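S.K.: Data file entry-v4.cif (mmCIF, C-alpha atoms) is appended below.
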```cif
data_run
#
loop_
_atom_site.label_atom_id
_atom_site.label_comp_id
_atom_site.auth_asym_id
_atom_site.auth_seq_id
_atom_site.Cartn_x
_atom_site.Cartn_y
_atom_site.Cartn_z
CA MET A 1 2.91 -28.05 20.78
CA ASP A 2 0.10 -28.19 18.28
CA VAL A 3 1.58 -29.60 15.04
CA LYS A 4 -0.37 -31.36 12.29
CA ASN A 5 0.84 -33.10 9.16
CA VAL A 6 -1.04 -32.23 6.00
CA THR A 7 0.01 -35.36 4.11
CA ASP A 8 -1.00 -37.68 6.94
CA LEU A 9 -4.34 -35.99 7.71
CA ARG A 10 -5.76 -35.11 4.30
CA LYS A 11 -8.59 -37.30 3.07
CA PHE A 12 -10.17 -38.10 -0.26
CA SER A 13 -13.73 -39.29 -0.74
CA PRO A 14 -15.20 -40.92 -3.83
CA GLU A 15 -18.37 -38.80 -3.46
CA LYS A 16 -17.12 -35.25 -3.01
CA LEU A 17 -14.40 -32.89 -1.81
CA ALA A 18 -13.17 -33.99 1.62
CA LYS A 19 -12.48 -31.28 4.23
CA VAL A 20 -10.34 -31.89 7.31
CA SER A 21 -10.07 -29.22 10.00
CA LEU A 22 -6.53 -28.72 11.28
CA PHE A 23 -6.88 -25.67 13.54
CA GLU A 24 -9.55 -23.13 14.38
CA SER A 25 -10.18 -20.22 16.68
CA GLU A 26 -12.47 -17.20 16.51
CA LYS A 27 -9.67 -15.48 14.56
CA MET A 28 -9.21 -18.00 11.76
CA PHE A 29 -9.43 -21.59 10.60
CA CYS A 30 -7.04 -23.83 8.71
CA ASP A 31 -8.39 -26.81 6.77
CA VAL A 32 -7.03 -29.32 4.28
CA TYR A 33 -9.16 -30.11 1.25
CA GLY A 34 -8.72 -33.28 -0.78
CA LEU A 35 -10.26 -33.22 -4.27
CA SER A 36 -10.22 -36.33 -6.43
CA GLU A 37 -10.35 -35.99 -10.20
CA GLY A 38 -13.47 -34.15 -11.35
CA GLN A 39 -14.44 -32.92 -7.88
CA GLU A 40 -15.07 -29.27 -7.14
CA GLN A 41 -16.00 -26.66 -4.59
CA LYS A 42 -18.81 -24.72 -6.21
CA ALA A 43 -18.90 -20.94 -6.45
CA HIS A 44 -19.63 -19.19 -3.18
CA ALA A 45 -18.49 -16.14 -1.21
CA HIS A 46 -17.76 -15.22 2.41
CA ALA A 47 -19.07 -11.76 3.16
CA GLU A 48 -16.71 -10.98 6.02
CA ALA A 49 -13.74 -13.35 5.70
CA ASP A 50 -10.60 -13.44 3.56
CA LYS A 51 -9.55 -16.85 2.23
CA LEU A 52 -6.24 -18.24 1.03
CA TYR A 53 -5.63 -21.50 -0.82
CA TYR A 54 -2.13 -23.01 -0.91
CA VAL A 55 -1.78 -25.75 -3.51
CA VAL A 56 0.14 -28.57 -1.81
CA GLU A 57 -0.06 -30.99 -4.74
CA GLY A 58 -1.89 -31.29 -8.02
CA VAL A 59 -3.48 -28.66 -10.23
CA GLY A 60 -6.68 -26.74 -9.57
CA ILE A 61 -8.85 -24.69 -11.89
CA PHE A 62 -9.62 -21.65 -9.74
CA LYS A 63 -12.34 -19.14 -10.45
CA VAL A 64 -12.11 -15.92 -8.45
CA GLY A 65 -14.33 -12.94 -9.21
CA GLY A 66 -15.20 -14.38 -12.61
CA GLU A 67 -11.58 -15.02 -13.69
CA LEU A 68 -10.45 -18.59 -14.40
CA ARG A 69 -6.89 -19.79 -13.90
CA GLU A 70 -5.06 -23.10 -13.68
CA VAL A 71 -2.90 -23.11 -10.55
CA GLY A 72 -0.32 -25.72 -9.59
CA ALA A 73 1.72 -26.69 -6.54
CA ALA A 74 3.49 -24.08 -4.40
CA ASN A 75 1.09 -21.29 -5.37
CA VAL A 76 -1.13 -19.25 -3.05
CA VAL A 77 -4.49 -17.92 -4.29
CA TYR A 78 -6.00 -14.96 -2.43
CA VAL A 79 -9.77 -14.50 -2.24
CA PRO A 80 -10.77 -11.23 -0.54
CA ALA A 81 -13.94 -11.14 1.54
CA GLY A 82 -17.10 -10.86 -0.57
CA VAL A 83 -15.55 -12.19 -3.79
CA GLU A 84 -17.13 -15.26 -5.38
CA HIS A 85 -14.75 -18.20 -5.80
CA ALA A 86 -14.68 -21.85 -6.84
CA VAL A 87 -12.08 -24.54 -7.46
CA LYS A 88 -12.14 -27.74 -9.48
CA ASN A 89 -9.78 -30.65 -9.96
CA ASP A 90 -10.04 -30.92 -13.70
CA GLY A 91 -6.76 -32.74 -14.20
CA THR A 92 -5.24 -36.10 -13.59
CA GLY A 93 -4.21 -36.94 -10.06
CA LYS A 94 -5.20 -35.72 -6.65
CA LEU A 95 -5.51 -32.09 -5.61
CA THR A 96 -4.54 -31.18 -2.03
CA LEU A 97 -5.24 -27.66 -0.80
CA LEU A 98 -4.28 -25.99 2.45
CA VAL A 99 -7.02 -23.46 3.20
CA PHE A 100 -6.84 -20.48 5.58
CA MET A 101 -9.74 -18.23 6.43
CA ALA A 102 -9.78 -15.13 8.64
CA PRO A 103 -11.74 -14.35 10.64
CA HIS A 104 -13.55 -17.64 11.29
CA PRO A 105 -16.95 -17.15 9.61
CA LYS A 106 -18.77 -18.98 12.40
CA HIS A 107 -17.57 -16.35 14.85
CA GLY A 108 -17.96 -13.30 12.62
CA PRO A 109 -21.06 -11.15 12.11
CA LYS A 110 -22.05 -13.14 8.99
CA SER A 111 -20.47 -14.91 6.04
CA MET B 4 -6.70 -13.20 -9.91
CA ASP B 5 -4.16 -12.75 -7.19
CA VAL B 6 -1.84 -15.78 -7.29
CA LYS B 7 1.72 -15.93 -5.94
CA ASN B 8 4.31 -18.67 -6.17
CA VAL B 9 6.13 -19.44 -2.94
CA THR B 10 9.12 -21.07 -4.61
CA ASP B 11 9.64 -18.19 -7.02
CA LEU B 12 9.18 -15.40 -4.46
CA ARG B 13 10.95 -16.69 -1.35
CA LYS B 14 14.30 -15.11 -0.59
CA PHE B 15 17.34 -16.04 1.46
CA SER B 16 19.78 -13.56 2.91
CA PRO B 17 23.28 -14.29 4.23
CA GLU B 18 22.66 -11.92 7.18
CA LYS B 19 19.31 -13.01 8.60
CA LEU B 20 15.89 -14.54 8.03
CA ALA B 21 14.33 -13.07 4.86
CA LYS B 22 10.61 -12.19 4.93
CA VAL B 23 8.55 -11.69 1.79
CA SER B 24 4.97 -10.47 2.02
CA LEU B 25 2.56 -12.33 -0.27
CA PHE B 26 -0.83 -10.96 0.79
CA GLU B 27 -2.21 -8.72 3.50
CA SER B 28 -5.43 -7.10 4.59
CA GLU B 29 -6.73 -5.89 7.95
CA LYS B 30 -7.96 -9.48 8.50
CA MET B 31 -4.68 -11.35 8.02
CA PHE B 32 -1.29 -11.50 6.38
CA CYS B 33 0.55 -14.24 4.54
CA ASP B 34 4.36 -14.14 4.32
CA VAL B 35 7.11 -16.47 3.17
CA TYR B 36 10.18 -16.77 5.38
CA GLY B 37 13.52 -18.04 4.09
CA LEU B 38 15.98 -19.20 6.75
CA SER B 39 19.47 -20.24 5.79
CA GLU B 40 21.37 -22.67 7.98
CA GLY B 41 21.81 -21.33 11.52
CA GLN B 42 19.31 -18.48 11.12
CA GLU B 43 16.39 -17.99 13.48
CA GLN B 44 13.38 -15.94 14.40
CA LYS B 45 13.88 -15.16 18.08
CA ALA B 46 11.25 -15.71 20.75
CA HIS B 47 8.37 -13.24 20.64
CA ALA B 48 4.58 -13.17 20.98
CA HIS B 49 1.61 -11.45 19.34
CA ALA B 50 -0.90 -10.42 21.98
CA GLU B 51 -3.95 -10.39 19.71
CA ALA B 52 -3.11 -12.53 16.66
CA ASP B 53 -2.99 -16.26 15.95
CA LYS B 54 -0.09 -17.49 13.81
CA LEU B 55 0.38 -20.57 11.67
CA TYR B 56 3.62 -21.82 10.10
CA TYR B 57 3.51 -24.30 7.22
CA VAL B 58 6.88 -25.93 6.55
CA VAL B 59 7.32 -25.89 2.76
CA GLU B 60 10.82 -27.37 2.78
CA GLY B 61 13.54 -28.12 5.26
CA VAL B 62 13.41 -28.71 8.99
CA GLY B 63 12.78 -26.12 11.71
CA ILE B 64 13.36 -26.29 15.44
CA PHE B 65 10.19 -24.70 16.77
CA LYS B 66 9.71 -23.43 20.29
CA VAL B 67 6.12 -22.70 21.27
CA GLY B 68 5.13 -21.93 24.84
CA GLY B 69 8.43 -23.32 26.12
CA GLU B 70 8.18 -26.63 24.24
CA LEU B 71 10.81 -27.49 21.63
CA ARG B 72 10.11 -29.68 18.60
CA GLU B 73 11.78 -30.48 15.29
CA VAL B 74 9.24 -30.04 12.49
CA GLY B 75 9.70 -31.00 8.85
CA ALA B 76 7.97 -30.40 5.53
CA ALA B 77 4.18 -30.64 5.17
CA ASN B 78 3.53 -29.84 8.83
CA VAL B 79 1.53 -26.92 10.22
CA VAL B 80 2.48 -25.40 13.60
CA TYR B 81 -0.21 -23.44 15.44
CA VAL B 82 0.72 -20.55 17.74
CA PRO B 83 -2.28 -19.09 19.57
CA ALA B 84 -2.34 -15.38 20.35
CA GLY B 85 -0.22 -14.45 23.35
CA VAL B 86 2.01 -17.54 23.26
CA GLU B 87 5.76 -17.04 22.93
CA HIS B 88 7.30 -18.72 19.89
CA ALA B 89 10.57 -19.00 18.00
CA VAL B 90 11.96 -21.00 15.09
CA LYS B 91 15.50 -21.89 14.05
CA ASN B 92 17.07 -23.59 11.05
CA ASP B 93 19.44 -25.83 12.92
CA GLY B 94 19.89 -28.38 10.17
CA THR B 95 21.47 -28.71 6.81
CA GLY B 96 19.74 -27.05 3.88
CA LYS B 97 17.30 -24.22 3.50
CA LEU B 98 14.13 -23.75 5.52
CA THR B 99 11.11 -22.23 3.76
CA LEU B 100 8.05 -21.34 5.85
CA LEU B 101 4.64 -20.13 4.76
CA VAL B 102 3.38 -17.90 7.56
CA PHE B 103 -0.21 -16.87 8.17
CA MET B 104 -1.36 -14.44 10.85
CA ALA B 105 -4.87 -13.34 11.79
CA PRO B 106 -5.84 -10.66 12.37
CA HIS B 107 -3.09 -8.47 10.90
CA PRO B 108 -1.26 -7.12 13.98
CA LYS B 109 -0.80 -3.70 12.37
CA HIS B 110 -4.55 -3.29 12.19
CA GLY B 111 -5.46 -4.83 15.55
CA PRO B 112 -5.62 -3.10 18.93
CA LYS B 113 -2.04 -4.17 19.79
CA SER B 114 0.32 -7.09 19.29
#
```
Now, as a test, write the supplied structure out as structure tokens.

M.R.:
Amino acid sequence: MDVKNVTDLRKFSPEKLAKVSLFESEKMFCDVYGLSEGQEQKAHAHAEADKLYYVVEGVGIFKVGGELREVGAANVVYVPAGVEHAVKNDGTGKLTLLVFMAPHPKHGPKS
Amino acid sequence: MDVKNVTDLRKFSPEKLAKVSLFESEKMFCDVYGLSEGQEQKAHAHAEADKLYYVVEGVGIFKVGGELREVGAANVVYVPAGVEHAVKNDGTGKLTLLVFMAPHPKHGPKS
């Protein structure tokens, strides 16, 4: 059985957001992002793929479609395909995000 | 911005597993399942969709492709399309699962 522990596998880097791939297929991927204080994922969009962020721990400043919101643990943020989005750890402490994307952009027509 | 809180929105029913839809599109869906002690999702498969379970709290007995495993909080279980799977709350306390499926079986060719 394919089981992976988010707390054990997440990483943090002093330089930038650290991404760890948990699972992927042509249908989707599931990553864990570790953001240390001040780190961010800059604004970008995926033309063909929906994205979900689940905040495992910490607080993120999310920007989706031009709207800013502070989002804490146990919340899910939905980013529909084509919508620009960004996230920053602007607080104190680590930010761990479980990220789902469908379909996998590498396998789709473009993203 | 479309943000939903898993802890606030999850439900538990005395009769059976309670499902709450958080987000859905033709590309995927994201639900929260609440399983009280002794409740289960019986063995089934989705012919065309991959499924992921993230254990938010509690312990689940997962069965995937004939293999049984006890899985606790902060773990992700991957169920590839076509593989039979089931989950039971066989412990003490509530079991909350974040469930992600891609593509959405209602929109796919069959599942």

S.K.: Nearest residue to Val3 (chain A) out of A:Gly58, A:Glu15, A:Phe23, A:Ala74, using only C-alpha atoms?

M.R.: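 Nearest candidate to Val3 (chain A) out of A:Gly58, A:Glu15, A:Phe23, A:Ala74: A:Phe23.
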
S.K.: Could you tell me how far CA of Gln41 (chain A) lies from CA of Leu22 (chain A), in Å and to one decimal?

M.R.: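 Value for the CA of Gln41 (chain A)-CA of Leu22 (chain A) distance: 18.6 Å.
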
S.K.: Let me have the centre and edge lengths in Å, one decimal, of the box along x, y and z around every listed atom of region 67-82 of chain A with 6 Å of margin on each side, as lines of an AutoDock Vina configuration file.

M.R.:
```
center_x = -6.8
center_y = -18.8
center_z = -6.4
size_x = 32.6
size_y = 27.8
size_z = 27.9
```

S.K.: Counting all atoms listed in the file, which of B:Leu101, B:Val86, B:Val67, B:Leu12 gets nearest to chain A?

M.R.: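 Under the stated criterion, the closest residue is B:Val67.
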
S.K.: Please find the residues of chain B near chain A - the criterion being any atom within 6 Å, counting only C-alpha atoms - and write them as a PyMOL selection string.

M.R.: chain B and resi 5-9+30+77-81+105

S.K.: Using the chain letters and numbers from the file, give me the residues hit by the PyMOL selection byres ((chain B and resi 62) around 9), as a list in words.

M.R.: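 Taken over the shown coordinates, the PyMOL selection byres ((chain B and resi 62) around 9) returns Val58, Glu60, Gly61, Gly63, Ile64, Glu73, Val74, Gly75, Ala76, Lys91, Asn92, Asp93, Gly94, Thr95, Gly96, Lys97, Leu98 and Thr99 of chain B.
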
S.K.: Using Å and a single decimal, report how far CA of Val102 (chain B) sits from CA of His44 (chain A).

M.R.: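 Atom-to-atom, CA of His44 (chain A) to CA of Val102 (chain B), that is 25.4 Å.
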
S.K.: Quick one: everything within 7 Å of Tyr36 (chain B), counting all atoms listed in the file, minus sequence neighbours fewer than 2 positions away in the same chain. Send it as number ranges by chain.

M.R.: B: 13, 20-23, 34, 38, 99-101

S.K.: What does the structure give for the distance between CA of Phe15 (chain B) and CA of Gly41 (chain B), in Å to one decimal?

M.R.: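 Computing the Euclidean distance for CA of Phe15 (chain B) and CA of Gly41 (chain B) yields 12.2 Å.
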
S.K.: Fit chain A to chain B, using all C-alpha atoms paired in sequence order for the least-squares superposition, and then show me the result as a PDB file with C-alpha atoms, keeping the file's coordinate frame.

M.R.:
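Written out: part30.pdb:
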```
ATOM      1  CA  MET A   1      -6.693 -13.207  -9.924  1.00  0.00           C
ATOM      2  CA  ASP A   2      -4.161 -12.737  -7.179  1.00  0.00           C
ATOM      3  CA  VAL A   3      -1.849 -15.790  -7.282  1.00  0.00           C
ATOM      4  CA  LYS A   4       1.712 -15.924  -5.953  1.00  0.00           C
ATOM      5  CA  ASN A   5       4.308 -18.662  -6.179  1.00  0.00           C
ATOM      6  CA  VAL A   6       6.115 -19.443  -2.954  1.00  0.00           C
ATOM      7  CA  THR A   7       9.112 -21.077  -4.633  1.00  0.00           C
ATOM      8  CA  ASP A   8       9.631 -18.181  -7.033  1.00  0.00           C
ATOM      9  CA  LEU A   9       9.172 -15.398  -4.454  1.00  0.00           C
ATOM     10  CA  ARG A  10      10.942 -16.687  -1.351  1.00  0.00           C
ATOM     11  CA  LYS A  11      14.298 -15.115  -0.587  1.00  0.00           C
ATOM     12  CA  PHE A  12      17.332 -16.024   1.461  1.00  0.00           C
ATOM     13  CA  SER A  13      19.795 -13.541   2.907  1.00  0.00           C
ATOM     14  CA  PRO A  14      23.272 -14.271   4.226  1.00  0.00           C
ATOM     15  CA  GLU A  15      22.654 -11.931   7.196  1.00  0.00           C
ATOM     16  CA  LYS A  16      19.302 -13.006   8.602  1.00  0.00           C
ATOM     17  CA  LEU A  17      15.877 -14.537   8.026  1.00  0.00           C
ATOM     18  CA  ALA A  18      14.329 -13.066   4.875  1.00  0.00           C
ATOM     19  CA  LYS A  19      10.603 -12.204   4.943  1.00  0.00           C
ATOM     20  CA  VAL A  20       8.551 -11.701   1.785  1.00  0.00           C
ATOM     21  CA  SER A  21       4.965 -10.469   2.020  1.00  0.00           C
ATOM     22  CA  LEU A  22       2.577 -12.327  -0.275  1.00  0.00           C
ATOM     23  CA  PHE A  23      -0.824 -10.961   0.774  1.00  0.00           C
ATOM     24  CA  GLU A  24      -2.201  -8.737   3.502  1.00  0.00           C
ATOM     25  CA  SER A  25      -5.417  -7.120   4.595  1.00  0.00           C
ATOM     26  CA  GLU A  26      -6.727  -5.900   7.940  1.00  0.00           C
ATOM     27  CA  LYS A  27      -7.949  -9.477   8.501  1.00  0.00           C
ATOM     28  CA  MET A  28      -4.681 -11.344   8.014  1.00  0.00           C
ATOM     29  CA  PHE A  29      -1.282 -11.497   6.369  1.00  0.00           C
ATOM     30  CA  CYS A  30       0.560 -14.238   4.527  1.00  0.00           C
ATOM     31  CA  ASP A  31       4.356 -14.137   4.309  1.00  0.00           C
ATOM     32  CA  VAL A  32       7.113 -16.472   3.169  1.00  0.00           C
ATOM     33  CA  TYR A  33      10.174 -16.775   5.377  1.00  0.00           C
ATOM     34  CA  GLY A  34      13.503 -18.042   4.082  1.00  0.00           C
ATOM     35  CA  LEU A  35      15.972 -19.192   6.754  1.00  0.00           C
ATOM     36  CA  SER A  36      19.476 -20.253   5.788  1.00  0.00           C
ATOM     37  CA  GLU A  37      21.374 -22.672   8.000  1.00  0.00           C
ATOM     38  CA  GLY A  38      21.795 -21.331  11.531  1.00  0.00           C
ATOM     39  CA  GLN A  39      19.300 -18.485  11.115  1.00  0.00           C
ATOM     40  CA  GLU A  40      16.404 -17.982  13.486  1.00  0.00           C
ATOM     41  CA  GLN A  41      13.381 -15.941  14.422  1.00  0.00           C
ATOM     42  CA  LYS A  42      13.875 -15.151  18.085  1.00  0.00           C
ATOM     43  CA  ALA A  43      11.230 -15.710  20.739  1.00  0.00           C
ATOM     44  CA  HIS A  44       8.372 -13.238  20.633  1.00  0.00           C
ATOM     45  CA  ALA A  45       4.584 -13.173  20.999  1.00  0.00           C
ATOM     46  CA  HIS A  46       1.612 -11.456  19.356  1.00  0.00           C
ATOM     47  CA  ALA A  47      -0.899 -10.417  21.976  1.00  0.00           C
ATOM     48  CA  GLU A  48      -3.943 -10.395  19.720  1.00  0.00           C
ATOM     49  CA  ALA A  49      -3.093 -12.522  16.671  1.00  0.00           C
ATOM     50  CA  ASP A  50      -2.987 -16.253  15.951  1.00  0.00           C
ATOM     51  CA  LYS A  51      -0.094 -17.485  13.803  1.00  0.00           C
ATOM     52  CA  LEU A  52       0.392 -20.564  11.656  1.00  0.00           C
ATOM     53  CA  TYR A  53       3.625 -21.828  10.116  1.00  0.00           C
ATOM     54  CA  TYR A  54       3.512 -24.306   7.221  1.00  0.00           C
ATOM     55  CA  VAL A  55       6.872 -25.933   6.548  1.00  0.00           C
ATOM     56  CA  VAL A  56       7.316 -25.898   2.763  1.00  0.00           C
ATOM     57  CA  GLU A  57      10.824 -27.371   2.775  1.00  0.00           C
ATOM     58  CA  GLY A  58      13.550 -28.123   5.265  1.00  0.00           C
ATOM     59  CA  VAL A  59      13.412 -28.714   9.001  1.00  0.00           C
ATOM     60  CA  GLY A  60      12.792 -26.137  11.709  1.00  0.00           C
ATOM     61  CA  ILE A  61      13.359 -26.297  15.443  1.00  0.00           C
ATOM     62  CA  PHE A  62      10.181 -24.690  16.775  1.00  0.00           C
ATOM     63  CA  LYS A  63       9.710 -23.441  20.300  1.00  0.00           C
ATOM     64  CA  VAL A  64       6.114 -22.699  21.269  1.00  0.00           C
ATOM     65  CA  GLY A  65       5.137 -21.914  24.849  1.00  0.00           C
ATOM     66  CA  GLY A  66       8.425 -23.318  26.117  1.00  0.00           C
ATOM     67  CA  GLU A  67       8.173 -26.643  24.229  1.00  0.00           C
ATOM     68  CA  LEU A  68      10.810 -27.508  21.616  1.00  0.00           C
ATOM     69  CA  ARG A  69      10.114 -29.682  18.591  1.00  0.00           C
ATOM     70  CA  GLU A  70      11.781 -30.490  15.286  1.00  0.00           C
ATOM     71  CA  VAL A  71       9.248 -30.044  12.485  1.00  0.00           C
ATOM     72  CA  GLY A  72       9.705 -31.012   8.846  1.00  0.00           C
ATOM     73  CA  ALA A  73       7.975 -30.410   5.521  1.00  0.00           C
ATOM     74  CA  ALA A  74       4.188 -30.647   5.161  1.00  0.00           C
ATOM     75  CA  ASN A  75       3.536 -29.842   8.823  1.00  0.00           C
ATOM     76  CA  VAL A  76       1.541 -26.920  10.220  1.00  0.00           C
ATOM     77  CA  VAL A  77       2.479 -25.397  13.596  1.00  0.00           C
ATOM     78  CA  TYR A  78      -0.206 -23.419  15.435  1.00  0.00           C
ATOM     79  CA  VAL A  79       0.732 -20.544  17.741  1.00  0.00           C
ATOM     80  CA  PRO A  80      -2.281 -19.090  19.581  1.00  0.00           C
ATOM     81  CA  ALA A  81      -2.343 -15.376  20.349  1.00  0.00           C
ATOM     82  CA  GLY A  82      -0.212 -14.442  23.366  1.00  0.00           C
ATOM     83  CA  VAL A  83       2.004 -17.543  23.266  1.00  0.00           C
ATOM     84  CA  GLU A  84       5.756 -17.030  22.939  1.00  0.00           C
ATOM     85  CA  HIS A  85       7.302 -18.713  19.896  1.00  0.00           C
ATOM     86  CA  ALA A  86      10.572 -18.995  17.989  1.00  0.00           C
ATOM     87  CA  VAL A  87      11.964 -21.005  15.089  1.00  0.00           C
ATOM     88  CA  LYS A  88      15.493 -21.889  14.048  1.00  0.00           C
ATOM     89  CA  ASN A  89      17.058 -23.600  11.067  1.00  0.00           C
ATOM     90  CA  ASP A  90      19.441 -25.826  12.936  1.00  0.00           C
ATOM     91  CA  GLY A  91      19.868 -28.371  10.167  1.00  0.00           C
ATOM     92  CA  THR A  92      21.469 -28.686   6.804  1.00  0.00           C
ATOM     93  CA  GLY A  93      19.745 -27.034   3.884  1.00  0.00           C
ATOM     94  CA  LYS A  94      17.299 -24.211   3.503  1.00  0.00           C
ATOM     95  CA  LEU A  95      14.132 -23.748   5.531  1.00  0.00           C
ATOM     96  CA  THR A  96      11.101 -22.234   3.768  1.00  0.00           C
ATOM     97  CA  LEU A  97       8.054 -21.342   5.844  1.00  0.00           C
ATOM     98  CA  LEU A  98       4.645 -20.132   4.753  1.00  0.00           C
ATOM     99  CA  VAL A  99       3.352 -17.913   7.560  1.00  0.00           C
ATOM    100  CA  PHE A 100      -0.259 -16.855   8.207  1.00  0.00           C
ATOM    101  CA  MET A 101      -1.341 -14.417  10.867  1.00  0.00           C
ATOM    102  CA  ALA A 102      -4.866 -13.322  11.802  1.00  0.00           C
ATOM    103  CA  PRO A 103      -5.841 -10.647  12.389  1.00  0.00           C
ATOM    104  CA  HIS A 104      -3.090  -8.466  10.907  1.00  0.00           C
ATOM    105  CA  PRO A 105      -1.267  -7.097  13.977  1.00  0.00           C
ATOM    106  CA  LYS A 106      -0.793  -3.685  12.371  1.00  0.00           C
ATOM    107  CA  HIS A 107      -4.558  -3.297  12.184  1.00  0.00           C
ATOM    108  CA  GLY A 108      -5.439  -4.847  15.537  1.00  0.00           C
ATOM    109  CA  PRO A 109      -5.614  -3.140  18.935  1.00  0.00           C
ATOM    110  CA  LYS A 110      -2.029  -4.203  19.766  1.00  0.00           C
ATOM    111  CA  SER A 111       0.353  -7.095  19.224  1.00  0.00           C
TER     112      SER A 111
END
```

S.K.: Starting from the incomplete input, reconstruct N, CA and C atoms of region 76-89 of chain A and write that as a compact mmCIF listing (two decimals), in the frame of the given file.

M.R.:
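Dumped everything to out-v3.txt:
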```
# COMPACT_ATOMS: atom_id res chain seq x y z
N VAL A 76 -0.09 -19.72 -3.97
CA VAL A 76 -1.13 -19.25 -3.05
C VAL A 76 -2.12 -18.39 -3.82
N VAL A 77 -3.41 -18.69 -3.65
CA VAL A 77 -4.49 -17.92 -4.29
C VAL A 77 -5.21 -17.12 -3.20
N TYR A 78 -5.35 -15.83 -3.42
CA TYR A 78 -6.00 -14.96 -2.43
C TYR A 78 -7.41 -14.61 -2.88
N VAL A 79 -8.36 -14.83 -1.98
CA VAL A 79 -9.77 -14.50 -2.24
C VAL A 79 -10.22 -13.49 -1.18
N PRO A 80 -10.32 -12.21 -1.54
CA PRO A 80 -10.77 -11.23 -0.54
C PRO A 80 -12.22 -11.47 -0.14
N ALA A 81 -12.57 -11.03 1.05
CA ALA A 81 -13.94 -11.14 1.54
C ALA A 81 -14.92 -10.60 0.51
N GLY A 82 -16.03 -11.32 0.32
CA GLY A 82 -17.10 -10.86 -0.57
C GLY A 82 -16.95 -11.26 -2.01
N VAL A 83 -15.80 -11.83 -2.39
CA VAL A 83 -15.55 -12.19 -3.79
C VAL A 83 -15.93 -13.65 -4.02
N GLU A 84 -16.71 -13.90 -5.07
CA GLU A 84 -17.13 -15.26 -5.38
C GLU A 84 -15.93 -16.08 -5.87
N HIS A 85 -15.88 -17.34 -5.43
CA HIS A 85 -14.75 -18.20 -5.80
C HIS A 85 -15.18 -19.66 -5.87
N ALA A 86 -14.43 -20.41 -6.65
CA ALA A 86 -14.68 -21.85 -6.84
C ALA A 86 -13.36 -22.49 -7.22
N VAL A 87 -13.28 -23.82 -7.03
CA VAL A 87 -12.08 -24.54 -7.46
C VAL A 87 -12.49 -25.95 -7.89
N LYS A 88 -11.84 -26.41 -8.96
CA LYS A 88 -12.14 -27.74 -9.48
C LYS A 88 -10.86 -28.49 -9.80
N ASN A 89 -10.87 -29.78 -9.51
CA ASN A 89 -9.78 -30.65 -9.96
C ASN A 89 -10.17 -31.20 -11.32
```
